[in-house]
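Working notes for the structure below.
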Amino acid sequence: MMRLLRFFGWTFVAIFSSLLLGLSGAFLYLSPSLPSAESLRTIQLQIPLRIYSSDDKLIAEFGEMRRTPIRYADIPPDFIHALLTAEDDNFANHYGVDLVSLMRAATQLLSSGHIQTGGSTITMQVAKNFFLTSERSFSRKANEILLALQIEQELSKEEILELYVNKIYLGNRAYGIEAAAQVYYGKPIRELSLAQMAMIAGLPKAPSRFNPLANPARSKERRDWILGRMYKLGYIDEARYQQALAEPADASYHVPTPELNAPYIAEMARAELVGRYGSDAYTEGFRVTTTTPSDLQEAASAAVRHGLLDYDRRHGYRGPETHLSGSNRNVWLDELNKRRTIGGLEPAVVTRVEGSGIQVLTRGGDEERVNWESMSWARPFINSDSQGPRPQHPGQVVKTGDLIRVLRQEDGRLVFSQVPAAQSALVSLDPRSGAIRALVGGFAFEQSNYNRAAQAKRQPGSSFKPFIYSAALDRGFTAASLINDAPIVFVDPYLDTVWRPKNDTNTFLGPIRMREALYKSRNMVSIRLLQSAGIDYTLNYIGRFGFDRQDLPRNLSLALGTANLTPLEIAGGWSTFANGGYRIQPYLIERIEDRTGKLLYQANPPRAPEEQPTPVAATGGQATTGDSAPGAAGSAILGDAKPAPANPSPEAPAPIAAERIVDARTTYIMTSMLQDVIKRGTARRALEMGRSDLAGKTGTTNESKDSWFSGYNADYVTTVWAGFDQPDSLGSHEYGNTVALPIWMSFMGTALKDKPPHLQAEPEGLLTLRINPSSGRIASPGTPGAFFELFKNEDPPPMAREEDSTSPGSLAKESAPPIDLF
C-alpha cells in the first residue's frame with residue numbers, strides 16, 4: 001500500500017510539474033509577442049461620423065459600424081445581471097480564466113472530436129475581440145488565456161465589462177449594447193424593459209442565430225432561458241420574472257432616423273471630413289456641427305419641393321410610372337416595395353376607379369382613397385408648351401393597375417401627384433460671414449444625389465447683370481445715366497458670323513436711365529455698359545467677387561449672363577451687395593469635435609463688420625484693384641481691410657476682417673436699384689411679402705432653359721435656380737418670376753418672419769438730387785415728373801438745360817410690367 005501511495009504521489013508531482021513546466025514554457029514563448037493589456041485603457045473603438053445642424057439636430061451618420069459607447073456607470077444593473085447570467089456567471093470571482101468552464105470545453109472536445117464551446121470568460125472574450133482573430137486553434141486559445149490573466153491584473157472588473165459591452169457585435173451593424181438597443185427597440189438601453197435587456201444579452205453568443213428580427217422564436221427561447229437563470233441566481237424575484245416572461249417579443253428594425261432631413265448638406269460635410277481626415281473620418285467618432293439651422297433648412301426643402309410640384313402641375317400629367325397587369329395583390333405589393341418614396345411622394349397602385357375618385361394600394365398593404373379634386377389638374381402632357389384637354393373624371397387620368405405617386409397630407413389624406421421632371425436648387429447665406437444657412441441640391445436626394453446647388457454650372461442670365469451694373473457705377477456711370485436701348489449688330493469678318501442680341505419681343509425703348517434699364521432687364525443697355533466700361537476692366541472687377549475667370553466669357557455676351565456658374569457661386573457673389581461691399585467665402589462646417597468632445601476645428605471665416613465704416617472718398621468715380629485694366633484709376637477705399645492672421649488655437653480664433661472689394665456707396669446704390677426690380681420690375685410678385693427691405697433680380701436664359709432669382713436683405717442672401725438636368729425649355733411662358741421667384745418667396749417668407757426690415761445703412765459720401773426723368777440731369781424748378789436719385793459726391797449729374805423743364809419726354813412714362821428674356 002505504501003509503495004502504491006508513493007507511486008501515485010510521485011506520478012501526481014510529475015504531472016503537476018510537467019503542466020507547470022509546460023505552462024511556464026508556453027508563457028515564456030508566447031509572452032514576448034503578446035500586446036500590453038494596459039493599452040486597453042487608451043484603445044479607440046470605431047465610432048461613426050455624425051453630422052448635426054447648428055441647433056444640434058442629427059442630420060446624418062456615416063460609418064460601417066453603428067456604435068455609441070456607454071460608460072459602466074450608465075449600464076442598467078438589470079442588464080449587467082442578464083449579461084453575466086448569459087455569458088459568465090462567475091465573472092466576479094475568477095481571475096480571467098474559469099477552470100471549470102475550460103475543463104468542460106476540453107471534455108466536449110475529447111468526447112466529440114471537435115470544439116463545441118471555447119470555455120471563454122468575458123475577460124477572455126475581451127482579449128480575443130481587441131487583440132486576436134477568431135481562428136479556432138490551441139495557440140490562439142493559449143494567447144487568449146495569457147492575455148486574460150494580464151487584463152485581470154491591469155484592469156478592474158468594471159473596466160473590463162465596459163470594454164466588452166461597447167465592443168461586441170450584436171447583429172444588424174450594431175456594435176455595443178447602446179447601438180443594439182437603438183437598432184432593435186429605437187431607444188437607449190436605460191429605457192428598455194427587463195425582457196428587452198435579456199433579449200439583447202442573449203445576442204453575443206450568436207448574433208445571427210438568436211437575432212430577434214431573423215429568428216424571433218429562437219431569440220425568445222434564449223431570452224426566456226436568461227430570465228429563468230436570473231431568477232434562479234436571485235437577480236430578480238418571481239413577480240418580475242413572470243412579468244418579463246409574459247412580455248411579447250416586440251423587437252423591430254429601427255433605422256437611425258435623422259432629426260433633420262438635409263441629405264445634400266450631409267453629403268457636403270461628409271466629403272469635407274474625408275478630405276481632411278481620410279478614411280478615419282468614418283471611424284474616429286467626429287461630431288460635425290454645420291452652419292445650417294433646422295428651421296431654415298426645412299423651409300428651404302419645402303419651398304423647393306412645393307415650387308417644383310406647382311410647376312409640374314402647370315404642364316400636365318405624364319402618365320403612370322408603369323402599368324401592372326393582372327390583379328394579384330401580392331405581386332403589386334412586391335413591386336411597390338421595390339420603389340422608394342421620392343421627396344415625400346409615395347408609390348401606389350390603382351385598385352379601383354370611381355366617379356368621385358380612386359382607390360389605391362399603398363406599400364403598407366392598405367387601400368386608401370384619392371379624391372377627384374386632387375386629380376383634376378392632370379391634363380395630358382404633350383410638351384412644355386402644350387397639354388391635352390382637361391379631364392372630366394378619374395377614368396380619363398388613370399386605370400386599374402397603374403403605378404402612380406401620391407402625396408400624404410398632414411391630416412393623412414392622399415392627393416394625386418407625380419415626380420417632377422424639372423429640378424431646382426436653393427442656397428441661402430449669411431452675407432456677413434458666408435455661413436450656409438440653407439442648401440437644397442434637388443427635388444429629392446433619393447432620386448438623385450447630384451448637388452445642383454454646388455455642382456451644376458448653368459448660365460445665370462439676367463441675374464448676373466448686377467455685376468455688370470456695379471462695374472459701371474464704379475467706372476463713373478450713375479443710376480441716372482442715359483444709355484441707348486437700341487438694336488446692335490456685331491459682325492465677325494473672320495468667321496462670317498453675325499450676332500444680333502435682342503430684348504423681349506424685339507422691343508427697344510431708346511435712351512433710358514440705368515436704374516430703369518435694370519428693373520426692366522434691357523439687354524442692349526447691359527451690352528453697351530460692358531462695351532463702354534471695357535471687357536478686361538469688367539472681368540477683373542467681377543473676378544474680385546470670387547468667380548473663376550475661366551467661367552467668365554471674354555466677350556460682350558457676358559452682359560447677358562452667359563457665364564457658367566453654380567447657384568452657390570452666384571449667392572456668394574451677391575453677398576457683397578448685401579453686406580456693403582465685402583468679399584466672403586461660403587462655408588458649411590462651423591466646428592469639429594472628437595469623440596471626447598475636444599474641439600478640433602472652429603470656423604473663423606473673414607467677416608464683414610456689423611456696422612458699415614465711413615468710406616474714404618473715391619477718386620475718379622472708379623473702384624479698382626491692382627489687377628484692373630491698364631489706365632483705370634484706383635480707389636482709396638479698396639483693400640483697406642486686410643485679413644488678419646488666423647489664431648493657431650481652435651479654442652479662440654482671432655477674428656478675421658473681410659476684404660472690401662466694392663465701394664459701400666456703390667452697393668448702397670445697387671441695392672436701391674435692385675429694390676426697384678421688386679417694386680416695379682420683373683420681380684413685382686415679391687411685393688406680396690409685404691416687406692420694404694428686399695432687393696433682387698430675376699434671370700431667364702435662352703428658350704427659358706434656366707429660371708433664376710437672387711435676392712437679399714442684410715440678414716440673408718438667397719439664390720434659386722430651376723431647370724432640367726439636360727437643358728431643355730421650361731416652357732415659353734416660364735421665366736425667372738414664374739418658377740424660381742415663388743420658391744425664393746416661400747423660403748424668404750419663412751426666414752424673415754417676425755424680423756424687422758434690415759438693409760445696409762446709408763454710407764457717407766452720397767448725394768440725393770432731384771433729376772429730370774428724360775435727361776438724367778438735375779431738374780430745374782417746376783420740372784414735371786422729376787424725382788430723387790442717389791449719386792456719389794464726385795459723380796453728380798450736370799445741371800438741367802432750359803429745354804429739359806418743358807419736355808419731360810416719353811421716358812417719364814411707365815410701361816407695362818416687363819418680362820426678362822435673358
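Identifiers for the C-alpha cells are assigned positionally: chains receive A, B, ... in sequence, residues are indexed from 1 per chain, and ligands are indexed from 1 in the order shown.
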(request) Could you give me the residues within range 482-609 of chain A that DSSP places in strand (DSSP E), as a list in words? (result)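 For range 482-609 of chain A, the strand (DSSP E) set is Leu482, Ile483, Asn484, Asp485, Phe490, Val491, Asp492, Thr497, Val498, Trp499, Gly510, Pro511, Ile512, Arg513, Tyr582, Arg583, Ile589, Glu590, Arg591, Ile592, Glu593, Leu599, Leu600, Tyr601, Gln602, Pro606 and Arg607 of chain A.
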(request) DSSP on the backbone, then: every residue of range 115-356 of chain A marked helix (DSSP H, G or I), written as a PyMOL selection string. (result) chain A and resi 122-131+138-154+157-167+177-185+189-191+194-201+216-232+238-246+263-282+294-314+329-337
(message) I'd like to know which of A:Gly573, A:Pro798, A:Pro394, A:Gly364 is closest to Lys465 in chain A, using only C-alpha atoms.
(response) A:Gly573
Give me the residues of range 368-482 of chain A that have any atom at most 8 Å from an atom of range 498-516 of chain A; for each, the nearest atom pair and the distance in Å, rounded to one decimal. Use only C-alpha atoms, sort by chain and number, and format it as a tab-separated table.
```
residue	atom	partner	partner_atom	distance
A:Thr478	CA	A:Met514	CA	7.3
A:Ala479	CA	A:Arg515	CA	5.0
A:Ala480	CA	A:Arg513	CA	5.1
A:Ser481	CA	A:Arg513	CA	5.3
A:Leu482	CA	A:Arg513	CA	4.5
```
(message) For range 57-67 of chain A, find every residue with an atom within 9 Å (counting only C-alpha atoms), except residues of its own chain fewer than 5 positions away, and show them as an NGL selection string.
(response) :A and (45-52 or 166-167 or 172-180 or 183 or 256-263 or 265-267 or 270 or 281-283 or 293-294)
(request) Please identify all polymer residues within 9 Å of Ile151 in chain A, counting only C-alpha atoms, omitting same-chain residues fewer than 3 positions from it, and present them as a VMD selection string. (result) chain A and resid 36 to 38 40 96 123 to 124 126 to 127 146 to 148 154 to 156 160
Save the residues we just selected, N, CA and C atoms, as a CSV table (one decimal), in the first residue's frame?
```
chain,number,residue,atom,x,y,z
A,36,SER,N,0.3,44.6,-24.9
A,36,SER,CA,0.1,45.1,-23.5
A,36,SER,C,-1.3,45.3,-23.1
A,37,ALA,N,-1.7,44.6,-22.0
A,37,ALA,CA,-3.1,44.8,-21.6
A,37,ALA,C,-3.4,46.2,-21.2
A,38,GLU,N,-2.4,47.0,-20.8
A,38,GLU,CA,-2.6,48.3,-20.4
A,38,GLU,C,-3.1,49.2,-21.5
A,40,LEU,N,-5.4,48.7,-23.4
A,40,LEU,CA,-6.9,48.7,-23.4
A,40,LEU,C,-7.4,50.0,-22.8
A,96,GLY,N,-9.9,35.9,-14.6
A,96,GLY,CA,-9.7,36.0,-16.1
A,96,GLY,C,-10.0,34.7,-16.8
A,123,THR,N,-13.6,38.2,-19.8
A,123,THR,CA,-12.3,38.7,-19.9
A,123,THR,C,-11.5,38.1,-21.1
A,124,MET,N,-11.7,36.8,-21.3
A,124,MET,CA,-11.1,36.2,-22.5
A,124,MET,C,-11.7,36.7,-23.8
A,126,VAL,N,-12.8,39.7,-24.2
A,126,VAL,CA,-12.2,41.0,-24.4
A,126,VAL,C,-10.9,40.8,-25.1
A,127,ALA,N,-10.1,39.9,-24.5
A,127,ALA,CA,-8.7,39.7,-25.1
A,127,ALA,C,-8.9,39.3,-26.6
A,146,LEU,N,-3.5,33.7,-21.6
A,146,LEU,CA,-2.5,34.6,-21.1
A,146,LEU,C,-2.9,36.0,-21.1
A,147,LEU,N,-3.5,36.5,-22.1
A,147,LEU,CA,-3.9,37.9,-22.2
A,147,LEU,C,-5.0,38.2,-21.1
A,148,ALA,N,-5.9,37.2,-21.0
A,148,ALA,CA,-7.0,37.4,-20.0
A,148,ALA,C,-6.4,37.5,-18.6
A,154,GLU,N,-4.3,44.2,-14.8
A,154,GLU,CA,-4.2,45.6,-15.1
A,154,GLU,C,-5.5,46.4,-14.9
A,155,LEU,N,-6.6,45.8,-15.2
A,155,LEU,CA,-7.9,46.5,-15.2
A,155,LEU,C,-8.9,46.0,-14.2
A,156,SER,N,-9.8,46.8,-13.8
A,156,SER,CA,-10.8,46.4,-12.8
A,156,SER,C,-11.9,45.7,-13.5
A,160,ILE,N,-13.3,46.2,-17.5
A,160,ILE,CA,-13.3,45.0,-18.4
A,160,ILE,C,-14.7,44.9,-19.0
```
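With distances restricted to only C-alpha atoms, A:Ser301 is the closest residue to Ile743 in chain A from A:Gln675, A:Ser301, A:Gln182, A:Thr322.
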